[in-house]
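Quick notes on the structure that follows.
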2 protein chains.
Amino acid sequence: MGLRERREREKENLRQEILDAAREMFVAEGFQNVSMRKIADKIEYSPTTIYLYFKDKNDILMQICEETFALLYRRMQEIEKQSQSSLDCLSKGIRAYVEFGLEHPHHYEVTFIAPIWDDLDKSEEYKFEGSMGERTFGYLRSIIAEAVAEGSLKKGDIDAMSQTVWAAMHGLTSLLIGHGDFPFVSKDKLIDCLTETVLDGLKT
Amino acid sequence: MGLRERREREKENLRQEILDAAREMFVAEGFQNVSMRKIADKIEYSPTTIYLYFKDKNDILMQICEETFALLYRRMQEIEKQSQSSLDCLSKGIRAYVEFGLEHPHHYEVTFIAPIWDDLDKSEEYKFEGSMGERTFGYLRSIIAEAVAEGSLKKGDIDAMSQTVWAAMHGLTSLLIGHGDFPFVSKDKLIDCLTETVLDGLKT
DNA sequence: ATTGTAACTTAACGGTGTTAAGTTTGATTC
DNA sequence: GAATCAAACTTAACACCGTTAAGTTACAAT
């Protein structure tokens with residue numbers, strides 16, 4: 001009777017093996033440069049086996065995105081614990097976000113930048129509702145709401161304000177990841193400047 | 001004697017034909033979804049002919065990027081003419097940038113977002129120096145420098161400030177283009193909020 | 001008329017994501 | 001213990017892709 005369970009556990013194992021192999025290769029070489037056949041080679045199964053566990057290549061990507069978001073979410077939570085004020089938390093959070101992106105550039109690419117290619121497909125298959133992405137953004141939003149309630153930030157549309165912060169963070173992160181050829185000022189200086197600018201802007 | 005010239009003109013014509021076909025298809029379907037063979041079909045030449053005029057698929061992309069940048073650059077110049085203060089110009093410029101991106105999402109994708117995939121290749125082949133990209137960014141920088149000189153913006157590192165503005169604009173643009181599934185507040189509201197926030201932040 | 005060259009094409013290489021059909025494996029039933 | 005049956009996995013293939021080497025055509029210059 002435990003056999004079926006063991007089978008299921010093994011099946012789950014292979015699923016995880018695929019996910020692990022794919023993640024490692026995506027991170028090392030980038031999503032576009034990793035083929036299903038390469039993943040299959042790595043786990044020593046035939047390419048088609050992967051399709052027993054994932055709908056398609058994009059599906060693997062999405063699973064990894066969720067994991068990555070979960071990591072970021074946890075880091076944000078830790079920051080909140082270590083923060084005195086919600087404003088302090090926000091400021092540290094922005095830096096953490098950008099640095100997280102730079103630490104995991106291919107994850108970031110895959111999570112925030114790559115989905116562009118899917119156009120319509122994605123919105124049908126992959127639901128933002130209930131995703132780690134939603135939770136992470138909700139977290140940012142709640143901190144901003146808190147800061148506004150405290151009077152640390154000016155009163156205003158909380159959604160517009162959170163989305164503005166997200167846009168700024170995301171912009172900086174993706175520029176730093178994708179445009180290594182541009183003569184940026186130092187990473188730290190830029191993060192500081194952006195954080196100060198945005199937060200100051202949300203105070204007045 | 002005019003023969004050679006006519007030949008060259010015809011050669012240049014085909015080059016432009018390829019560029020026009022590619023641009024139209026990239027814009028309609030996205031870079032990734034347009035193959036060399038499709039472009040060839042459209043211009044009614046064999047796929048290999050394209051390689052007589054462009055190094056590879058990315059080369060076509062880069063040429064189109066330059067054109068697109070030139071368009072954006074001109075729009076920025078017009079804005080400057082119609083602006084009273086450099087601060088006004090900056091504010092209008094940010095809106096124009098984002099809206100330009102939304103009007104040409106695939107151009108924008110290709111110009112600012114896609115280069116990520118090329119990793120090292122790009123930096124070798126495609127030089128930022130002298131590109132329309134450089135000129136456009138230089139333009140933004142000069143307006144910010146002017147605003148600082150006037151005392152309309154606080155004193156600070158001009159490069160860090162310009163890059164911050166660029167990051168924020170770019171972030172908003174690429175989020176709006178790529179994440180249609182996210183429940184953003186209205187485009188106009190968001191652009192206004194971001195512009196106000198960033199500019200206010202650069203004043204204090 | 002012949003030569004030489006530029007423009008263009010054919011055919012192919014080695015890859016891609018994905019699917020239909022077939023095979024192996026191994027526990028369950030008779 | 002042999003037959004059955006489903007799950008797990010593979011083989012082979014389809015229809016593409018970017019790109020290149022080799023070959024052909026067309027045509028101006030000699």
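Numbering starts fresh at 1 for the residues of each chain in the structure tokens, the chains themselves are lettered A, B, ... in the order given, and ligands are numbered from 1 as they appear.
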Residues of chain C within 10 Å of chain B, counting only C-alpha atoms (C1' of nucleotides) - could you list those as a PDB file with C-alpha atoms (C1' of nucleotides), in the first residue's frame?
ATOM      1  C1'  DA C   6      28.175  41.167 -58.342  1.00  0.00           C
ATOM      2  C1'  DA C   7      23.642  39.490 -57.094  1.00  0.00           C
ATOM      3  C1'  DC C   8      21.098  36.007 -55.931  1.00  0.00           C
ATOM      4  C1'  DT C   9      19.567  30.992 -55.024  1.00  0.00           C
ATOM      5  C1'  DT C  10      19.829  26.010 -53.742  1.00  0.00           C
TER       6       DT C  10
END
Open item on the list: At a cut-off of 12 Å, using only C-alpha atoms (C1' of nucleotides), what residues contact range 71-78 of chain A? Leave out same-chain residues fewer than 2 positions from it and give the result as a count of residues only.
Closed with: 40
Task: Near-DA21 in chain C list (12 Å; only C-alpha atoms (C1' of nucleotides); drop same-chain fewer than 2 positions) as a list of chain:residue names - done: C:DT19, C:DT23, D:DT10, D:DT11, D:DA12, D:DA13
Deliver the residues from the most recent selection as a file, using C-alpha atoms (C1' of nucleotides), as a JSON list (two decimals), in the first residue's frame.
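So again.json came out as:
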[["chain", "number", "residue", "atom", "x", "y", "z"],
["C", 19, "DT", "C1'", 3.87, 15.46, -30.39],
["C", 23, "DT", "C1'", 8.26, 0.21, -25.73],
["D", 10, "DT", "C1'", 11.81, 6.50, -25.32],
["D", 11, "DT", "C1'", 12.07, 6.65, -30.46],
["D", 12, "DA", "C1'", 11.14, 8.93, -34.38],
["D", 13, "DA", "C1'", 9.35, 12.45, -36.52]]
- [ ] Can you pull out every residue within 9 Å of Ile43 in chain A, counting only C-alpha atoms (C1' of nucleotides), but drop anything in the same chain fewer than 5 positions away, and send it as JSON, numbers by chain?
- [x] {"A": [14, 17, 18, 21, 38]}
Task: DG18 in chain D surroundings by only C-alpha atoms (C1' of nucleotides), 10 Å radius, close-in-sequence under 5 positions cut, as a ChimeraX atom specification - done: /B:35-37,56-57 /C:15
File dump, residues just selected, N, CA and C atoms (P, O5', C5', C4', C3', O3' and C1' of nucleotides), as a PDB file, in the first residue's frame:
ATOM      1  N   SER B  35      10.925  35.281 -38.346  1.00  0.00           N
ATOM      2  CA  SER B  35      12.129  34.574 -38.770  1.00  0.00           C
ATOM      3  C   SER B  35      12.697  35.218 -40.030  1.00  0.00           C
ATOM      4  N   MET B  36      13.945  34.934 -40.275  1.00  0.00           N
ATOM      5  CA  MET B  36      14.599  35.412 -41.489  1.00  0.00           C
ATOM      6  C   MET B  36      13.810  34.946 -42.707  1.00  0.00           C
ATOM      7  N   ARG B  37      13.312  33.741 -42.649  1.00  0.00           N
ATOM      8  CA  ARG B  37      12.551  33.195 -43.781  1.00  0.00           C
ATOM      9  C   ARG B  37      11.270  33.985 -44.018  1.00  0.00           C
ATOM     10  N   ASP B  56      23.556  39.593 -39.523  1.00  0.00           N
ATOM     11  CA  ASP B  56      22.678  38.551 -39.005  1.00  0.00           C
ATOM     12  C   ASP B  56      21.367  39.189 -38.549  1.00  0.00           C
ATOM     13  N   LYS B  57      20.526  38.404 -37.934  1.00  0.00           N
ATOM     14  CA  LYS B  57      19.207  38.902 -37.566  1.00  0.00           C
ATOM     15  C   LYS B  57      19.319  40.070 -36.576  1.00  0.00           C
TER      16      LYS B  57
ATOM     17  P    DG C  15      24.521  20.662 -33.049  1.00  0.00           P
ATOM     18  O5'  DG C  15      22.965  20.916 -32.787  1.00  0.00           O
ATOM     19  C5'  DG C  15      22.619  21.846 -31.822  1.00  0.00           C
ATOM     20  C4'  DG C  15      21.552  22.803 -32.343  1.00  0.00           C
ATOM     21  C3'  DG C  15      20.212  22.641 -31.671  1.00  0.00           C
ATOM     22  O3'  DG C  15      20.242  23.251 -30.398  1.00  0.00           O
ATOM     23  C1'  DG C  15      19.964  23.127 -33.985  1.00  0.00           C
TER      24       DG C  15
END
Which chain D residues have any atom within 9 Å of an atom of chain B, and for each, what is the nearest pair of atoms with distance in Å to one decimal, counting only C-alpha atoms (C1' of nucleotides), rows sorted by chain and number, as CSV?
residue,atom,partner,partner_atom,distance
D:DC17,C1',B:Ser35,CA,7.3
D:DG18,C1',B:Met36,CA,7.5
D:DT19,C1',B:Asp56,CA,8.2
D:DT20,C1',B:Thr48,CA,9.0
D:DA28,C1',B:Leu3,CA,8.8
How close does chain B get to chain A? List, as a Markdown table, each residue of chain B within 8 Å, its nearest atom pair and the distance in Å to one decimal, counting only C-alpha atoms.
| residue | atom | partner | partner_atom | distance |
| --- | --- | --- | --- | --- |
| B:Gly30 | CA | A:Trp117 | CA | 7.7 |
| B:Gln32 | CA | A:Trp117 | CA | 7.5 |
| B:Ile113 | CA | A:Gly178 | CA | 7.4 |
| B:Pro115 | CA | A:Gly178 | CA | 6.6 |
| B:Ile116 | CA | A:Gly178 | CA | 4.4 |
| B:Trp117 | CA | A:Gln32 | CA | 7.5 |
| B:Asp119 | CA | A:Gly178 | CA | 7.7 |
| B:Ser123 | CA | A:Asp181 | CA | 5.9 |
| B:Phe128 | CA | A:Asp181 | CA | 7.1 |
| B:Asp159 | CA | A:Val185 | CA | 6.8 |
| B:Ala160 | CA | A:Leu190 | CA | 5.7 |
| B:Met161 | CA | A:Cys193 | CA | 7.0 |
| B:Gln163 | CA | A:Phe184 | CA | 7.3 |
| B:Thr164 | CA | A:Leu194 | CA | 5.3 |
| B:Trp166 | CA | A:Gly171 | CA | 8.0 |
| B:Ala167 | CA | A:Gly171 | CA | 4.5 |
| B:Ala168 | CA | A:Ala168 | CA | 4.1 |
| B:Met169 | CA | A:Gly171 | CA | 7.2 |
| B:His170 | CA | A:Gly171 | CA | 5.3 |
| B:Gly171 | CA | A:Gly171 | CA | 3.3 |
| B:Leu172 | CA | A:Ala167 | CA | 4.7 |
| B:Ser174 | CA | A:Gly171 | CA | 7.7 |
| B:Leu175 | CA | A:Ala167 | CA | 6.8 |
| B:Ile177 | CA | A:Ile116 | CA | 7.5 |
| B:Gly178 | CA | A:Ile116 | CA | 4.5 |
| B:His179 | CA | A:Ile116 | CA | 7.0 |
| B:Gly180 | CA | A:Ser123 | CA | 7.9 |
| B:Asp181 | CA | A:Ser123 | CA | 5.9 |
| B:Phe182 | CA | A:Phe128 | CA | 7.1 |
| B:Phe184 | CA | A:Gln163 | CA | 7.3 |
| B:Val185 | CA | A:Ala160 | CA | 6.2 |
| B:Lys189 | CA | A:Ala160 | CA | 7.2 |
| B:Leu190 | CA | A:Ala160 | CA | 5.7 |
| B:Cys193 | CA | A:Ala160 | CA | 6.5 |
| B:Leu194 | CA | A:Thr164 | CA | 5.3 |
| B:Glu196 | CA | A:Gly201 | CA | 7.2 |
| B:Thr197 | CA | A:Gly201 | CA | 4.1 |
| B:Val198 | CA | A:Val198 | CA | 5.6 |
| B:Leu199 | CA | A:Gly201 | CA | 7.0 |
| B:Asp200 | CA | A:Gly201 | CA | 4.7 |
| B:Gly201 | CA | A:Gly201 | CA | 3.7 |
| B:Leu202 | CA | A:Thr197 | CA | 5.7 |
| B:Thr204 | CA | A:Asp200 | CA | 7.0 |
I need the residues from that last selection saved to file as a CSV table (one decimal), in the first residue's frame (with N, CA and C atoms), if you can.
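See out.csv below for the written result:
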chain,number,residue,atom,x,y,z
B,30,GLY,N,6.5,41.0,-33.1
B,30,GLY,CA,7.6,40.9,-32.1
B,30,GLY,C,8.8,40.2,-32.7
B,32,GLN,N,11.0,38.1,-31.8
B,32,GLN,CA,11.2,36.6,-31.6
B,32,GLN,C,10.3,35.8,-32.6
B,113,ILE,N,14.9,46.5,-24.1
B,113,ILE,CA,14.6,45.3,-23.2
B,113,ILE,C,15.3,44.1,-23.8
B,115,PRO,N,18.0,43.7,-25.6
B,115,PRO,CA,19.5,43.5,-25.7
B,115,PRO,C,20.1,42.7,-24.5
B,116,ILE,N,19.3,42.4,-23.6
B,116,ILE,CA,19.7,41.6,-22.5
B,116,ILE,C,20.2,40.2,-22.9
B,117,TRP,N,19.5,39.7,-23.9
B,117,TRP,CA,19.8,38.3,-24.3
B,117,TRP,C,21.2,38.2,-24.9
B,119,ASP,N,24.0,39.4,-24.1
B,119,ASP,CA,25.0,39.3,-23.1
B,119,ASP,C,26.3,40.0,-23.6
B,123,SER,N,28.0,44.0,-26.7
B,123,SER,CA,28.9,45.0,-26.3
B,123,SER,C,30.1,45.0,-27.2
B,128,PHE,N,27.8,51.6,-27.9
B,128,PHE,CA,27.0,52.6,-27.4
B,128,PHE,C,27.5,54.0,-27.8
B,159,ASP,N,25.2,62.8,-13.2
B,159,ASP,CA,25.0,61.5,-13.8
B,159,ASP,C,24.1,60.6,-13.0
B,160,ALA,N,24.3,60.6,-11.7
B,160,ALA,CA,23.4,59.8,-10.9
B,160,ALA,C,22.0,60.2,-11.0
B,161,MET,N,21.8,61.5,-11.1
B,161,MET,CA,20.4,62.0,-11.2
B,161,MET,C,19.8,61.7,-12.6
B,163,GLN,N,20.6,59.2,-14.5
B,163,GLN,CA,20.4,57.8,-14.6
B,163,GLN,C,19.2,57.3,-13.8
B,164,THR,N,19.0,58.0,-12.7
B,164,THR,CA,17.8,57.7,-11.8
B,164,THR,C,16.5,58.0,-12.6
B,166,TRP,N,16.2,58.1,-15.8
B,166,TRP,CA,16.1,57.1,-16.9
B,166,TRP,C,15.5,55.8,-16.4
B,167,ALA,N,16.1,55.4,-15.2
B,167,ALA,CA,15.7,54.1,-14.7
B,167,ALA,C,14.2,54.2,-14.4
B,168,ALA,N,13.7,55.2,-13.8
B,168,ALA,CA,12.3,55.3,-13.4
B,168,ALA,C,11.4,55.3,-14.7
B,169,MET,N,11.8,56.1,-15.7
B,169,MET,CA,11.0,56.1,-16.9
B,169,MET,C,11.0,54.7,-17.6
B,170,HIS,N,12.2,54.1,-17.6
B,170,HIS,CA,12.3,52.8,-18.3
B,170,HIS,C,11.5,51.8,-17.5
B,171,GLY,N,11.6,51.8,-16.2
B,171,GLY,CA,10.8,50.9,-15.4
B,171,GLY,C,9.3,50.9,-15.7
B,172,LEU,N,8.8,52.1,-15.7
B,172,LEU,CA,7.4,52.3,-15.9
B,172,LEU,C,7.0,51.8,-17.3
B,174,SER,N,8.6,49.7,-19.3
B,174,SER,CA,8.6,48.3,-19.6
B,174,SER,C,7.6,47.5,-18.7
B,175,LEU,N,7.3,48.0,-17.6
B,175,LEU,CA,6.2,47.3,-16.9
B,175,LEU,C,4.9,47.4,-17.6
B,177,ILE,N,4.4,47.9,-20.7
B,177,ILE,CA,4.4,47.1,-22.0
B,177,ILE,C,4.3,45.6,-21.7
B,178,GLY,N,5.0,45.2,-20.7
B,178,GLY,CA,5.2,43.7,-20.5
B,178,GLY,C,4.2,43.1,-19.6
B,179,HIS,N,3.6,43.8,-18.7
B,179,HIS,CA,2.8,43.2,-17.7
B,179,HIS,C,1.3,43.6,-17.8
B,180,GLY,N,0.8,43.4,-18.9
B,180,GLY,CA,-0.6,43.8,-19.1
B,180,GLY,C,-1.6,43.1,-18.2
B,181,ASP,N,-1.2,42.0,-17.6
B,181,ASP,CA,-2.0,41.3,-16.7
B,181,ASP,C,-2.1,42.0,-15.3
B,182,PHE,N,-1.1,42.8,-15.0
B,182,PHE,CA,-1.1,43.5,-13.7
B,182,PHE,C,-2.2,44.6,-13.6
B,184,PHE,N,-2.8,47.6,-13.0
B,184,PHE,CA,-2.2,49.0,-12.9
B,184,PHE,C,-3.3,50.0,-12.7
B,185,VAL,N,-3.1,51.1,-12.0
B,185,VAL,CA,-4.0,52.2,-12.1
B,185,VAL,C,-3.8,52.8,-13.5
B,189,LYS,N,-2.5,58.4,-14.9
B,189,LYS,CA,-2.4,58.6,-13.5
B,189,LYS,C,-1.0,58.2,-13.1
B,190,LEU,N,-0.6,57.0,-13.6
B,190,LEU,CA,0.7,56.4,-13.2
B,190,LEU,C,1.9,57.3,-13.7
B,193,CYS,N,2.0,60.4,-11.6
B,193,CYS,CA,2.5,60.1,-10.2
B,193,CYS,C,4.0,59.9,-10.3
B,194,LEU,N,4.5,59.1,-11.2
B,194,LEU,CA,5.9,58.8,-11.3
B,194,LEU,C,6.7,60.1,-11.6
B,196,GLU,N,5.8,63.3,-11.1
B,196,GLU,CA,5.8,64.2,-9.9
B,196,GLU,C,6.8,63.7,-8.8
B,197,THR,N,6.6,62.4,-8.6
B,197,THR,CA,7.5,61.8,-7.5
B,197,THR,C,9.0,62.0,-7.8
B,198,VAL,N,9.4,61.7,-9.0
B,198,VAL,CA,10.8,61.8,-9.3
B,198,VAL,C,11.3,63.2,-9.3
B,199,LEU,N,10.5,64.1,-9.9
B,199,LEU,CA,10.9,65.5,-10.0
B,199,LEU,C,10.9,66.1,-8.6
B,200,ASP,N,9.9,65.9,-7.8
B,200,ASP,CA,9.8,66.4,-6.4
B,200,ASP,C,11.0,65.9,-5.7
B,201,GLY,N,11.3,64.6,-5.9
B,201,GLY,CA,12.5,64.0,-5.2
B,201,GLY,C,13.8,64.6,-5.6
B,202,LEU,N,13.9,65.1,-6.8
B,202,LEU,CA,15.1,65.8,-7.2
B,202,LEU,C,15.2,67.2,-6.8
B,204,THR,N,14.1,68.5,-3.5
B,204,THR,CA,14.5,68.5,-2.1
B,204,THR,C,16.0,68.3,-1.9
TODO: Any chance you could list, as a count of residues only, the residues in range 2-191 of chain A that come up alpha helix (DSSP H) when DSSP is run on the backbone?
DONE: 138
Open item on the list: Using only C-alpha atoms (C1' of nucleotides), which protein or nucleic acid residues come within 12 Å of DA3 in chain D? Drop anything in the same chain fewer than 5 positions from it, and give the result as a ChimeraX atom specification.
Closed with: /C:28-30
Suppose we keep N, CA and C atoms (P, O5', C5', C4', C3', O3' and C1' of nucleotides); can you now write the selection as a PDB file, in the first residue's frame?
ATOM      1  P    DT C  28       0.659  -3.741  -6.062  1.00  0.00           P
ATOM      2  O5'  DT C  28      -0.335  -4.400  -7.119  1.00  0.00           O
ATOM      3  C5'  DT C  28      -1.109  -3.550  -7.977  1.00  0.00           C
ATOM      4  C4'  DT C  28      -2.120  -4.388  -8.752  1.00  0.00           C
ATOM      5  C3'  DT C  28      -2.979  -5.311  -7.903  1.00  0.00           C
ATOM      6  O3'  DT C  28      -4.324  -5.221  -8.373  1.00  0.00           O
ATOM      7  C1'  DT C  28      -1.902  -6.577  -9.588  1.00  0.00           C
ATOM      8  P    DT C  29      -5.528  -5.825  -7.472  1.00  0.00           P
ATOM      9  O5'  DT C  29      -5.990  -7.062  -8.363  1.00  0.00           O
ATOM     10  C5'  DT C  29      -6.400  -6.849  -9.711  1.00  0.00           C
ATOM     11  C4'  DT C  29      -6.314  -8.157 -10.488  1.00  0.00           C
ATOM     12  C3'  DT C  29      -7.169  -9.292  -9.922  1.00  0.00           C
ATOM     13  O3'  DT C  29      -8.196  -9.609 -10.840  1.00  0.00           O
ATOM     14  C1'  DT C  29      -5.004 -10.039 -10.613  1.00  0.00           C
ATOM     15  P    DC C  30      -9.414 -10.598 -10.319  1.00  0.00           P
ATOM     16  O5'  DC C  30      -9.012 -11.990 -10.967  1.00  0.00           O
ATOM     17  C5'  DC C  30      -8.881 -12.103 -12.392  1.00  0.00           C
ATOM     18  C4'  DC C  30      -8.127 -13.386 -12.752  1.00  0.00           C
ATOM     19  C3'  DC C  30      -8.764 -14.674 -12.256  1.00  0.00           C
ATOM     20  O3'  DC C  30      -9.113 -15.496 -13.360  1.00  0.00           O
ATOM     21  C1'  DC C  30      -6.423 -14.636 -11.779  1.00  0.00           C
TER      22       DC C  30
END
- [ ] Can you work out the spacing between C1' of DT24 in chain C and CA of Ile60 in chain A in Å, to one decimal?
- [x]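 Result for C1' of DT24 in chain C versus CA of Ile60 in chain A: 26.8 Å, one decimal.
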